[in-house]
file protein_9.pdb (PDB, C-alpha atoms)
MODEL        1
ATOM      1  CA  MET A   4      10.509 131.844 174.449  1.00  0.00           C
ATOM      2  CA  ALA A   5      10.269 130.232 177.871  1.00  0.00           C
ATOM      3  CA  ALA A   6       6.673 129.170 177.270  1.00  0.00           C
ATOM      4  CA  LEU A   7       7.487 127.616 173.896  1.00  0.00           C
ATOM      5  CA  ARG A   8      10.523 125.865 175.303  1.00  0.00           C
ATOM      6  CA  ALA A   9       8.514 124.430 178.206  1.00  0.00           C
ATOM      7  CA  ASN A  10       5.759 123.081 175.971  1.00  0.00           C
ATOM      8  CA  ALA A  11       7.065 122.922 172.415  1.00  0.00           C
ATOM      9  CA  PRO A  12       4.161 122.415 169.965  1.00  0.00           C
ATOM     10  CA  GLY A  13       4.798 119.298 167.908  1.00  0.00           C
ATOM     11  CA  GLY A  14       7.700 118.181 170.074  1.00  0.00           C
ATOM     12  CA  ARG A  15      11.116 119.623 170.858  1.00  0.00           C
ATOM     13  CA  GLU A  16      12.806 118.192 167.765  1.00  0.00           C
ATOM     14  CA  ARG A  17      10.509 120.229 165.531  1.00  0.00           C
ATOM     15  CA  TRP A  18      11.949 123.391 167.108  1.00  0.00           C
ATOM     16  CA  GLU A  19      15.608 122.530 166.667  1.00  0.00           C
ATOM     17  CA  ARG A  20      17.991 122.857 163.736  1.00  0.00           C
ATOM     18  CA  LYS A  21      21.639 122.161 163.103  1.00  0.00           C
ATOM     19  CA  ASN A  22      23.615 125.209 162.050  1.00  0.00           C
ATOM     20  CA  TYR A  23      26.572 125.102 159.678  1.00  0.00           C
ATOM     21  CA  ALA A  24      28.944 124.405 162.542  1.00  0.00           C
ATOM     22  CA  GLY A  25      26.911 121.353 163.508  1.00  0.00           C
ATOM     23  CA  ARG A  26      25.545 122.956 166.669  1.00  0.00           C
ATOM     24  CA  THR A  27      21.909 122.575 167.650  1.00  0.00           C
ATOM     25  CA  VAL A  28      20.031 125.881 167.774  1.00  0.00           C
ATOM     26  CA  GLU A  29      16.468 126.511 168.928  1.00  0.00           C
ATOM     27  CA  LEU A  30      13.776 128.200 166.828  1.00  0.00           C
ATOM     28  CA  TYR A  31      11.710 129.639 169.692  1.00  0.00           C
ATOM     29  CA  ALA A  32      13.189 133.132 169.395  1.00  0.00           C
ATOM     30  CA  GLY A  33      11.658 133.905 165.983  1.00  0.00           C
ATOM     31  CA  PRO A  34       7.976 133.325 166.799  1.00  0.00           C
ATOM     32  CA  ALA A  35       8.422 134.852 170.261  1.00  0.00           C
ATOM     33  CA  ALA A  36       9.979 138.023 168.849  1.00  0.00           C
ATOM     34  CA  ALA A  37       7.383 138.243 166.072  1.00  0.00           C
ATOM     35  CA  LEU A  38       4.475 137.887 168.497  1.00  0.00           C
ATOM     36  CA  ALA A  39       5.958 140.378 170.946  1.00  0.00           C
ATOM     37  CA  VAL A  40       6.720 143.027 168.346  1.00  0.00           C
ATOM     38  CA  ALA A  41       3.324 142.587 166.637  1.00  0.00           C
ATOM     39  CA  LEU A  42       1.453 143.044 169.918  1.00  0.00           C
ATOM     40  CA  GLY A  43       3.626 145.968 170.954  1.00  0.00           C
ATOM     41  CA  ALA A  44       3.347 147.709 167.592  1.00  0.00           C
ATOM     42  CA  GLY A  45      -0.399 147.109 167.534  1.00  0.00           C
ATOM     43  CA  ARG A  46      -0.825 148.930 170.823  1.00  0.00           C
ATOM     44  CA  VAL A  47       0.992 151.966 169.416  1.00  0.00           C
ATOM     45  CA  ARG A  48      -0.389 151.914 165.856  1.00  0.00           C
ATOM     46  CA  PRO A  49      -2.876 149.130 165.015  1.00  0.00           C
ATOM     47  CA  ALA A  50      -2.056 149.307 161.298  1.00  0.00           C
ATOM     48  CA  ALA A  51       1.608 148.754 162.070  1.00  0.00           C
ATOM     49  CA  GLY A  52       0.754 145.780 164.261  1.00  0.00           C
ATOM     50  CA  VAL A  53      -1.164 144.138 161.421  1.00  0.00           C
ATOM     51  CA  ALA A  54       1.701 144.680 158.982  1.00  0.00           C
ATOM     52  CA  VAL A  55       4.181 143.185 161.442  1.00  0.00           C
ATOM     53  CA  ALA A  56       1.929 140.179 162.073  1.00  0.00           C
ATOM     54  CA  VAL A  57       1.504 139.505 158.335  1.00  0.00           C
ATOM     55  CA  ALA A  58       5.254 139.850 157.772  1.00  0.00           C
ATOM     56  CA  GLY A  59       5.892 137.364 160.560  1.00  0.00           C
ATOM     57  CA  LEU A  60       3.354 134.894 159.203  1.00  0.00           C
ATOM     58  CA  CYS A  61       4.841 135.089 155.706  1.00  0.00           C
ATOM     59  CA  GLY A  62       8.270 134.539 157.207  1.00  0.00           C
ATOM     60  CA  ALA A  63       6.992 131.569 159.179  1.00  0.00           C
ATOM     61  CA  TYR A  64       5.613 130.036 155.987  1.00  0.00           C
ATOM     62  CA  ASP A  65       9.002 130.437 154.333  1.00  0.00           C
ATOM     63  CA  ASP A  66      10.722 128.866 157.350  1.00  0.00           C
ATOM     64  CA  LEU A  67       8.448 125.845 157.059  1.00  0.00           C
ATOM     65  CA  ALA A  68       8.130 125.559 153.282  1.00  0.00           C
ATOM     66  CA  GLY A  69      11.150 127.466 151.986  1.00  0.00           C
ATOM     67  CA  ASP A  70      12.873 126.166 148.857  1.00  0.00           C
ATOM     68  CA  HIS A  71      16.201 127.951 149.457  1.00  0.00           C
ATOM     69  CA  ARG A  72      16.073 129.984 146.242  1.00  0.00           C
ATOM     70  CA  ARG A  73      17.281 133.519 146.877  1.00  0.00           C
ATOM     71  CA  GLY A  74      16.487 136.791 145.139  1.00  0.00           C
ATOM     72  CA  PHE A  75      13.423 138.275 143.535  1.00  0.00           C
ATOM     73  CA  ARG A  76      14.461 137.153 140.073  1.00  0.00           C
ATOM     74  CA  ALA A  77      14.512 133.493 141.012  1.00  0.00           C
ATOM     75  CA  HIS A  78      11.094 133.593 142.638  1.00  0.00           C
ATOM     76  CA  LEU A  79       9.489 135.740 139.949  1.00  0.00           C
ATOM     77  CA  GLY A  80      10.974 133.476 137.305  1.00  0.00           C
ATOM     78  CA  ALA A  81       9.420 130.450 139.012  1.00  0.00           C
ATOM     79  CA  LEU A  82       6.102 132.297 139.233  1.00  0.00           C
ATOM     80  CA  ARG A  83       6.243 133.014 135.516  1.00  0.00           C
ATOM     81  CA  ASP A  84       6.593 129.265 134.978  1.00  0.00           C
ATOM     82  CA  GLY A  85       3.526 128.627 137.103  1.00  0.00           C
ATOM     83  CA  GLU A  86       5.271 127.743 140.361  1.00  0.00           C
ATOM     84  CA  VAL A  87       4.303 129.695 143.477  1.00  0.00           C
ATOM     85  CA  THR A  88       7.354 129.668 145.729  1.00  0.00           C
ATOM     86  CA  SER A  89       7.528 130.632 149.370  1.00  0.00           C
ATOM     87  CA  GLY A  90       9.557 133.661 148.303  1.00  0.00           C
ATOM     88  CA  ALA A  91       6.732 134.823 146.038  1.00  0.00           C
ATOM     89  CA  VAL A  92       4.292 134.452 148.921  1.00  0.00           C
ATOM     90  CA  LYS A  93       6.556 136.635 151.054  1.00  0.00           C
ATOM     91  CA  LEU A  94       7.037 139.193 148.292  1.00  0.00           C
ATOM     92  CA  PHE A  95       3.363 139.765 147.603  1.00  0.00           C
ATOM     93  CA  GLY A  96       2.081 139.183 151.125  1.00  0.00           C
ATOM     94  CA  ILE A  97       4.488 141.539 152.872  1.00  0.00           C
ATOM     95  CA  SER A  98       4.227 144.128 150.090  1.00  0.00           C
ATOM     96  CA  ALA A  99       0.438 144.155 150.354  1.00  0.00           C
ATOM     97  CA  ALA A 100       0.538 144.422 154.138  1.00  0.00           C
ATOM     98  CA  GLY A 101       3.061 147.253 153.930  1.00  0.00           C
ATOM     99  CA  LEU A 102       0.983 149.193 151.433  1.00  0.00           C
ATOM    100  CA  VAL A 103      -2.177 148.812 153.519  1.00  0.00           C
ATOM    101  CA  ALA A 104      -0.386 149.899 156.683  1.00  0.00           C
ATOM    102  CA  GLY A 105       1.234 152.810 154.874  1.00  0.00           C
ATOM    103  CA  ALA A 106      -2.130 153.912 153.526  1.00  0.00           C
ATOM    104  CA  LEU A 107      -3.560 153.953 157.042  1.00  0.00           C
ATOM    105  CA  MET A 108      -0.579 155.670 158.634  1.00  0.00           C
ATOM    106  CA  LYS A 109      -0.204 158.544 156.149  1.00  0.00           C
ATOM    107  CA  GLU A 110      -2.705 160.995 154.635  1.00  0.00           C
ATOM    108  CA  ARG A 111      -1.424 161.949 151.179  1.00  0.00           C
ATOM    109  CA  VAL A 112      -1.307 159.462 148.316  1.00  0.00           C
ATOM    110  CA  VAL A 113       2.409 159.881 147.638  1.00  0.00           C
ATOM    111  CA  ASP A 114       3.228 159.448 151.315  1.00  0.00           C
ATOM    112  CA  LYS A 115       1.022 156.360 151.518  1.00  0.00           C
ATOM    113  CA  ALA A 116       2.912 154.720 148.654  1.00  0.00           C
ATOM    114  CA  LEU A 117       6.324 155.646 150.052  1.00  0.00           C
ATOM    115  CA  ALA A 118       5.320 154.364 153.479  1.00  0.00           C
ATOM    116  CA  GLY A 119       4.317 151.013 151.994  1.00  0.00           C
ATOM    117  CA  VAL A 120       7.668 150.708 150.237  1.00  0.00           C
ATOM    118  CA  VAL A 121       9.555 151.539 153.440  1.00  0.00           C
ATOM    119  CA  ILE A 122       7.684 149.002 155.584  1.00  0.00           C
ATOM    120  CA  ALA A 123       7.953 146.139 153.092  1.00  0.00           C
ATOM    121  CA  GLY A 124      11.498 147.094 152.114  1.00  0.00           C
ATOM    122  CA  ALA A 125      12.700 147.227 155.705  1.00  0.00           C
ATOM    123  CA  ALA A 126      11.285 143.756 156.341  1.00  0.00           C
ATOM    124  CA  HIS A 127      13.177 142.470 153.314  1.00  0.00           C
ATOM    125  CA  PHE A 128      16.390 144.277 154.271  1.00  0.00           C
ATOM    126  CA  VAL A 129      16.537 142.796 157.770  1.00  0.00           C
ATOM    127  CA  ASN A 130      16.035 139.353 156.282  1.00  0.00           C
ATOM    128  CA  LEU A 131      18.850 140.012 153.795  1.00  0.00           C
ATOM    129  CA  VAL A 132      21.348 140.628 156.592  1.00  0.00           C
ATOM    130  CA  ASP A 133      20.242 137.570 158.575  1.00  0.00           C
ATOM    131  CA  VAL A 134      23.187 135.504 157.336  1.00  0.00           C
ATOM    132  CA  ARG A 135      25.209 135.219 160.546  1.00  0.00           C
ATOM    133  CA  PRO A 136      24.355 135.110 164.255  1.00  0.00           C
ATOM    134  CA  GLY A 137      23.142 138.459 165.567  1.00  0.00           C
ATOM    135  CA  ARG A 138      23.238 140.304 162.243  1.00  0.00           C
ATOM    136  CA  ALA A 139      19.481 140.849 161.866  1.00  0.00           C
ATOM    137  CA  ALA A 140      18.697 141.730 165.470  1.00  0.00           C
ATOM    138  CA  GLY A 141      21.840 143.854 165.663  1.00  0.00           C
ATOM    139  CA  ALA A 142      20.816 145.789 162.553  1.00  0.00           C
ATOM    140  CA  VAL A 143      17.397 146.502 164.052  1.00  0.00           C
ATOM    141  CA  VAL A 144      19.007 147.815 167.244  1.00  0.00           C
ATOM    142  CA  ALA A 145      21.518 149.971 165.363  1.00  0.00           C
ATOM    143  CA  LEU A 146      19.014 151.424 162.899  1.00  0.00           C
ATOM    144  CA  GLY A 147      16.090 151.663 165.302  1.00  0.00           C
ATOM    145  CA  ALA A 148      17.832 153.389 168.208  1.00  0.00           C
ATOM    146  CA  PRO A 149      18.065 156.806 166.448  1.00  0.00           C
ATOM    147  CA  GLU A 150      14.343 156.604 165.627  1.00  0.00           C
ATOM    148  CA  MET A 151      13.329 156.119 169.273  1.00  0.00           C
ATOM    149  CA  ALA A 152      13.250 159.870 169.859  1.00  0.00           C
ATOM    150  CA  ARG A 153      10.577 160.216 167.147  1.00  0.00           C
ATOM    151  CA  SER A 154       8.477 157.087 167.407  1.00  0.00           C
ATOM    152  CA  GLU A 155       7.408 154.634 170.097  1.00  0.00           C
ATOM    153  CA  LEU A 156       7.340 151.976 167.394  1.00  0.00           C
ATOM    154  CA  ALA A 157      11.116 152.141 167.249  1.00  0.00           C
ATOM    155  CA  ALA A 158      11.286 151.312 170.951  1.00  0.00           C
ATOM    156  CA  VAL A 159       9.082 148.277 170.314  1.00  0.00           C
ATOM    157  CA  ALA A 160      11.352 147.012 167.542  1.00  0.00           C
ATOM    158  CA  VAL A 161      14.570 147.709 169.441  1.00  0.00           C
ATOM    159  CA  GLY A 162      13.244 146.163 172.641  1.00  0.00           C
ATOM    160  CA  ALA A 163      12.240 142.924 170.931  1.00  0.00           C
ATOM    161  CA  ALA A 164      15.560 142.746 169.079  1.00  0.00           C
ATOM    162  CA  LEU A 165      17.551 143.325 172.264  1.00  0.00           C
ATOM    163  CA  ALA A 166      15.598 140.572 174.016  1.00  0.00           C
ATOM    164  CA  VAL A 167      16.749 137.902 171.547  1.00  0.00           C
ATOM    165  CA  LEU A 168      20.168 139.324 170.634  1.00  0.00           C
ATOM    166  CA  PRO A 169      22.291 137.705 173.410  1.00  0.00           C
ATOM    167  CA  ASP A 170      21.031 134.188 172.676  1.00  0.00           C
ATOM    168  CA  ASP A 171      21.290 134.819 168.933  1.00  0.00           C
ATOM    169  CA  LEU A 172      24.890 135.971 169.242  1.00  0.00           C
ATOM    170  CA  SER A 173      25.742 132.949 171.380  1.00  0.00           C
ATOM    171  CA  GLU A 174      24.226 130.646 168.733  1.00  0.00           C
ATOM    172  CA  ARG A 175      21.720 129.173 171.145  1.00  0.00           C
ATOM    173  CA  VAL A 176      18.774 130.366 169.025  1.00  0.00           C
ATOM    174  CA  MET A 177      18.014 131.670 165.564  1.00  0.00           C
ATOM    175  CA  ILE A 178      15.215 134.087 164.688  1.00  0.00           C
ATOM    176  CA  GLY A 179      14.644 132.757 161.179  1.00  0.00           C
ATOM    177  CA  ASP A 180      12.530 134.474 158.539  1.00  0.00           C
ATOM    178  CA  VAL A 181       9.625 134.850 160.951  1.00  0.00           C
ATOM    179  CA  GLY A 182      11.641 136.966 163.375  1.00  0.00           C
ATOM    180  CA  ALA A 183      13.655 138.862 160.761  1.00  0.00           C
ATOM    181  CA  HIS A 184      10.630 139.911 158.727  1.00  0.00           C
ATOM    182  CA  ALA A 185       8.571 140.896 161.749  1.00  0.00           C
ATOM    183  CA  LEU A 186      11.368 142.953 163.291  1.00  0.00           C
ATOM    184  CA  GLY A 187      12.096 144.555 159.925  1.00  0.00           C
ATOM    185  CA  ALA A 188       8.475 145.502 159.345  1.00  0.00           C
ATOM    186  CA  ALA A 189       8.326 147.070 162.807  1.00  0.00           C
ATOM    187  CA  LEU A 190      11.495 149.031 162.034  1.00  0.00           C
ATOM    188  CA  GLY A 191       9.961 150.235 158.768  1.00  0.00           C
ATOM    189  CA  ALA A 192       6.749 151.257 160.513  1.00  0.00           C
ATOM    190  CA  ALA A 193       8.805 153.240 163.032  1.00  0.00           C
ATOM    191  CA  VAL A 194      10.504 155.099 160.191  1.00  0.00           C
ATOM    192  CA  VAL A 195       7.114 155.841 158.641  1.00  0.00           C
ATOM    193  CA  ALA A 196       5.708 157.142 161.906  1.00  0.00           C
ATOM    194  CA  GLY A 197       8.687 159.376 162.616  1.00  0.00           C
ATOM    195  CA  ASN A 198       9.391 160.896 159.187  1.00  0.00           C
ATOM    196  CA  GLY A 199       7.802 163.224 156.675  1.00  0.00           C
ATOM    197  CA  ARG A 200       7.999 162.957 152.902  1.00  0.00           C
ATOM    198  CA  ALA A 201      11.686 163.815 152.620  1.00  0.00           C
ATOM    199  CA  GLY A 202      12.643 161.166 155.148  1.00  0.00           C
ATOM    200  CA  LEU A 203      10.368 158.638 153.504  1.00  0.00           C
ATOM    201  CA  LEU A 204      11.978 159.310 150.114  1.00  0.00           C
ATOM    202  CA  VAL A 205      15.452 158.734 151.496  1.00  0.00           C
ATOM    203  CA  HIS A 206      14.501 155.527 153.293  1.00  0.00           C
ATOM    204  CA  ALA A 207      12.466 154.217 150.349  1.00  0.00           C
ATOM    205  CA  ALA A 208      15.439 154.756 148.033  1.00  0.00           C
ATOM    206  CA  ALA A 209      17.692 152.964 150.509  1.00  0.00           C
ATOM    207  CA  VAL A 210      15.532 149.851 150.856  1.00  0.00           C
ATOM    208  CA  VAL A 211      14.945 149.646 147.094  1.00  0.00           C
ATOM    209  CA  ALA A 212      18.696 149.872 146.503  1.00  0.00           C
ATOM    210  CA  ALA A 213      19.231 147.130 149.096  1.00  0.00           C
ATOM    211  CA  ALA A 214      16.672 144.931 147.362  1.00  0.00           C
ATOM    212  CA  VAL A 215      18.293 145.427 143.954  1.00  0.00           C
ATOM    213  CA  GLY A 216      21.716 144.601 145.360  1.00  0.00           C
ATOM    214  CA  GLY A 217      20.466 141.884 147.687  1.00  0.00           C
ATOM    215  CA  ASP A 218      23.324 139.445 147.092  1.00  0.00           C
ATOM    216  CA  GLN A 219      25.906 142.138 147.767  1.00  0.00           C
ATOM    217  CA  VAL A 220      24.111 143.235 150.936  1.00  0.00           C
ATOM    218  CA  SER A 221      24.119 139.667 152.239  1.00  0.00           C
ATOM    219  CA  ARG A 222      27.797 139.230 151.397  1.00  0.00           C
ATOM    220  CA  VAL A 223      28.716 142.404 153.258  1.00  0.00           C
ATOM    221  CA  ALA A 224      26.659 141.292 156.267  1.00  0.00           C
ATOM    222  CA  ALA A 225      28.431 137.932 156.242  1.00  0.00           C
ATOM    223  CA  ALA A 226      31.926 139.423 156.063  1.00  0.00           C
ATOM    224  CA  ASP A 227      34.387 138.340 158.749  1.00  0.00           C
ATOM    225  CA  ARG A 228      34.941 141.910 159.921  1.00  0.00           C
ATOM    226  CA  TRP A 229      31.418 141.905 161.431  1.00  0.00           C
ATOM    227  CA  ARG A 230      32.320 139.296 164.060  1.00  0.00           C
ATOM    228  CA  PHE A 231      29.771 139.871 166.789  1.00  0.00           C
ATOM    229  CA  SER A 232      29.693 136.254 167.977  1.00  0.00           C
ATOM    230  CA  ARG A 233      32.535 134.667 169.863  1.00  0.00           C
ATOM    231  CA  ARG A 234      31.818 131.407 168.048  1.00  0.00           C
ATOM    232  CA  SER A 235      31.986 132.998 164.601  1.00  0.00           C
ATOM    233  CA  GLU A 236      35.755 132.983 164.954  1.00  0.00           C
ATOM    234  CA  GLU A 237      35.590 129.210 164.759  1.00  0.00           C
ATOM    235  CA  GLY A 238      34.120 129.402 161.267  1.00  0.00           C
ATOM    236  CA  SER A 239      30.458 128.807 162.038  1.00  0.00           C
ATOM    237  CA  ARG A 240      27.800 130.111 159.675  1.00  0.00           C
ATOM    238  CA  HIS A 241      24.242 131.102 160.425  1.00  0.00           C
ATOM    239  CA  SER A 242      21.767 128.408 159.460  1.00  0.00           C
ATOM    240  CA  CYS A 243      19.436 131.021 157.971  1.00  0.00           C
ATOM    241  CA  GLU A 244      21.861 131.866 155.159  1.00  0.00           C
TER     242      GLU A 244
ENDMDL
END

call {"tool": "encode", "arguments": {"input": "protein_9.pdb", "output": "C-alpha cells"}}
result
Amino acid sequence: MAALRANAPGGRERWERKNYAGRTVELYAGPAAALAVALGAGRVRPAAGVAVAVAGLCGAYDDLAGDHRRGFRAHLGALRDGEVTSGAVKLFGISAAGLVAGALMKERVVDKALAGVVIAGAAHFVNLVDVRPGRAAGAVVALGAPEMARSELAAVAVGAALAVLPDDLSERVMIGDVGAHALGAALGAAVVAGNGRAGLLVHAAAVVAAAVGGDQVSRVAAADRWRFSRRSEEGSRHSCE
C-alpha cells in the first residue's frame, strides 16, 4: 500500500473514489492485499496461490469495467443475449480457477469437485458481504481464525485481512472486488486444505446457499446492527455496494 501510494500508477486520481458519504477513499488496499495473499498462499500451496491470483485479477477487471449489475441471473441473462459482462468474466474465471486448484489440492474426484466449489464460492461470498466498511475483511478474520489451527493458508488470509482492516473500517481505503475476491479465495483454499469430505460438503452447501440468496446475504451484511465503523453511524455507505 505504501509503495502504491508513493508512486501511484496512472496518477493519484485514478486510485481515488468518492464513497456514498462523499468522502475520498483510496483503492491501494485491494491490489496490495490481493498480491500479498496470492504470494503468501503460493508459498504454502502453489495451486492455492494461482487460484487467489486469478480471483484477484477477475475482481480487478470488474473494478475497472464493472457495469453495476448484481446477481448471477442478471449476468447470465446478459450472456444469453450475447453480452459478456464483467460479472460473467468473474463467474467463469474464478470458477475455473477454483476447480483447477481443487483438483490439484485433493485426490478423489468428488473431493476435487467439492474443493472447487468451496474456493470459488468463498470468493463470491466475501464479495457479497463487501457492502459496508470492514465487512469483507472482518468476515475473513472471523471465519478464517478457527481454520488457523488446521491450515497455514488460513493464517495467510487472516493476516492480509487484518493488515487492511483498520484503514477499511476508518473509511480511508476500500478493498474493492480485487481484494474481496482474493481474500475469499484464500479463505476457501484454507478450508479445502484443512477439511476432509464431510467438512467440504458442509462448506460447499453453505457457499451455494449464500450464492442463491445473494441479495439477502448482502442486506444482512449491510444491516445497521453490524456497525464496525465509527463513521457508519453518520449514515455512510460503502462505495463497493

call {"tool": "closest_residue", "arguments": {"input": "protein_9.pdb", "among": "A:Arg26, A:Arg20, A:Arg48, A:Arg8", "to": "Leu156 of chain A", "atoms": "all atoms listed in the file"}}
result
A:Arg48

call {"tool": "atom_distance", "arguments": {"input": "protein_9.pdb", "atom1": "atom CA of Ala201 of chain A", "atom2": "atom CA of Val113 of chain A"}}
result
11.2 Å

call {"tool": "closest_residue", "arguments": {"input": "protein_9.pdb", "among": "A:Ala188, A:Ala58, A:Val28, A:Ala152", "to": "Glu16 of chain A", "atoms": "all atoms listed in the file"}}
result
A:Val28

call {"tool": "atom_distance", "arguments": {"input": "protein_9.pdb", "atom1": "atom CA of Arg17 of chain A", "atom2": "atom CA of Val181 of chain A"}}
result
15.3 Å

call {"tool": "residues_around", "arguments": {"input": "protein_9.pdb", "residues": "Ala140 of chain A", "least_positions_apart": "6", "cutoff": "9 Å", "atoms": "only C-alpha atoms", "output": "ChimeraX atom specification"}}
result
/A:129,133,161,163-165,167-168,171,178,182-183,186

call {"tool": "build_atoms", "arguments": {"input": "protein_9.pdb", "residues": "segment 119-127 of chain A", "atoms": "all heavy atoms", "output": "PDB file, keeping the file's coordinate frame"}}
result
ATOM      1  N   GLY A 119       4.424 152.436 152.294  1.00  0.00           N
ATOM      2  CA  GLY A 119       4.317 151.013 151.994  1.00  0.00           C
ATOM      3  C   GLY A 119       5.638 150.421 151.540  1.00  0.00           C
ATOM      4  O   GLY A 119       6.008 149.315 151.942  1.00  0.00           O
ATOM      5  N   VAL A 120       6.357 151.167 150.711  1.00  0.00           N
ATOM      6  CA  VAL A 120       7.668 150.708 150.237  1.00  0.00           C
ATOM      7  C   VAL A 120       8.644 150.577 151.404  1.00  0.00           C
ATOM      8  O   VAL A 120       9.398 149.603 151.500  1.00  0.00           O
ATOM      9  CB  VAL A 120       8.219 151.675 149.173  1.00  0.00           C
ATOM     10  CG1 VAL A 120       9.672 151.319 148.830  1.00  0.00           C
ATOM     11  CG2 VAL A 120       7.360 151.633 147.916  1.00  0.00           C
ATOM     12  N   VAL A 121       8.629 151.555 152.306  1.00  0.00           N
ATOM     13  CA  VAL A 121       9.555 151.539 153.440  1.00  0.00           C
ATOM     14  C   VAL A 121       9.281 150.351 154.359  1.00  0.00           C
ATOM     15  O   VAL A 121      10.210 149.650 154.786  1.00  0.00           O
ATOM     16  CB  VAL A 121       9.466 152.858 154.225  1.00  0.00           C
ATOM     17  CG1 VAL A 121      10.228 152.754 155.549  1.00  0.00           C
ATOM     18  CG2 VAL A 121      10.024 154.001 153.397  1.00  0.00           C
ATOM     19  N   ILE A 122       8.019 150.099 154.672  1.00  0.00           N
ATOM     20  CA  ILE A 122       7.684 149.002 155.584  1.00  0.00           C
ATOM     21  C   ILE A 122       8.064 147.650 154.978  1.00  0.00           C
ATOM     22  O   ILE A 122       8.750 146.831 155.606  1.00  0.00           O
ATOM     23  CB  ILE A 122       6.193 149.030 155.950  1.00  0.00           C
ATOM     24  CG1 ILE A 122       5.874 150.287 156.765  1.00  0.00           C
ATOM     25  CG2 ILE A 122       5.799 147.779 156.739  1.00  0.00           C
ATOM     26  CD1 ILE A 122       4.390 150.513 157.003  1.00  0.00           C
ATOM     27  N   ALA A 123       7.629 147.412 153.733  1.00  0.00           N
ATOM     28  CA  ALA A 123       7.953 146.139 153.092  1.00  0.00           C
ATOM     29  C   ALA A 123       9.450 146.021 152.825  1.00  0.00           C
ATOM     30  O   ALA A 123      10.044 144.957 153.013  1.00  0.00           O
ATOM     31  CB  ALA A 123       7.174 146.008 151.779  1.00  0.00           C
ATOM     32  N   GLY A 124      10.072 147.120 152.412  1.00  0.00           N
ATOM     33  CA  GLY A 124      11.498 147.094 152.114  1.00  0.00           C
ATOM     34  C   GLY A 124      12.349 146.861 153.343  1.00  0.00           C
ATOM     35  O   GLY A 124      13.371 146.162 153.284  1.00  0.00           O
ATOM     36  N   ALA A 125      11.944 147.439 154.465  1.00  0.00           N
ATOM     37  CA  ALA A 125      12.700 147.227 155.705  1.00  0.00           C
ATOM     38  C   ALA A 125      12.613 145.774 156.149  1.00  0.00           C
ATOM     39  O   ALA A 125      13.600 145.199 156.644  1.00  0.00           O
ATOM     40  CB  ALA A 125      12.175 148.152 156.797  1.00  0.00           C
ATOM     41  N   ALA A 126      11.435 145.174 156.003  1.00  0.00           N
ATOM     42  CA  ALA A 126      11.285 143.756 156.341  1.00  0.00           C
ATOM     43  C   ALA A 126      12.223 142.905 155.495  1.00  0.00           C
ATOM     44  O   ALA A 126      12.883 141.977 155.989  1.00  0.00           O
ATOM     45  CB  ALA A 126       9.835 143.318 156.144  1.00  0.00           C
ATOM     46  N   HIS A 127      12.296 143.223 154.211  1.00  0.00           N
ATOM     47  CA  HIS A 127      13.177 142.470 153.314  1.00  0.00           C
ATOM     48  C   HIS A 127      14.638 142.714 153.652  1.00  0.00           C
ATOM     49  O   HIS A 127      15.459 141.778 153.648  1.00  0.00           O
ATOM     50  CB  HIS A 127      12.890 142.880 151.868  1.00  0.00           C
ATOM     51  CG  HIS A 127      13.752 142.186 150.863  1.00  0.00           C
ATOM     52  ND1 HIS A 127      13.768 140.817 150.695  1.00  0.00           N
ATOM     53  CD2 HIS A 127      14.651 142.676 149.958  1.00  0.00           C
ATOM     54  CE1 HIS A 127      14.622 140.489 149.747  1.00  0.00           C
ATOM     55  NE2 HIS A 127      15.173 141.590 149.295  1.00  0.00           N
TER      56      HIS A 127
END
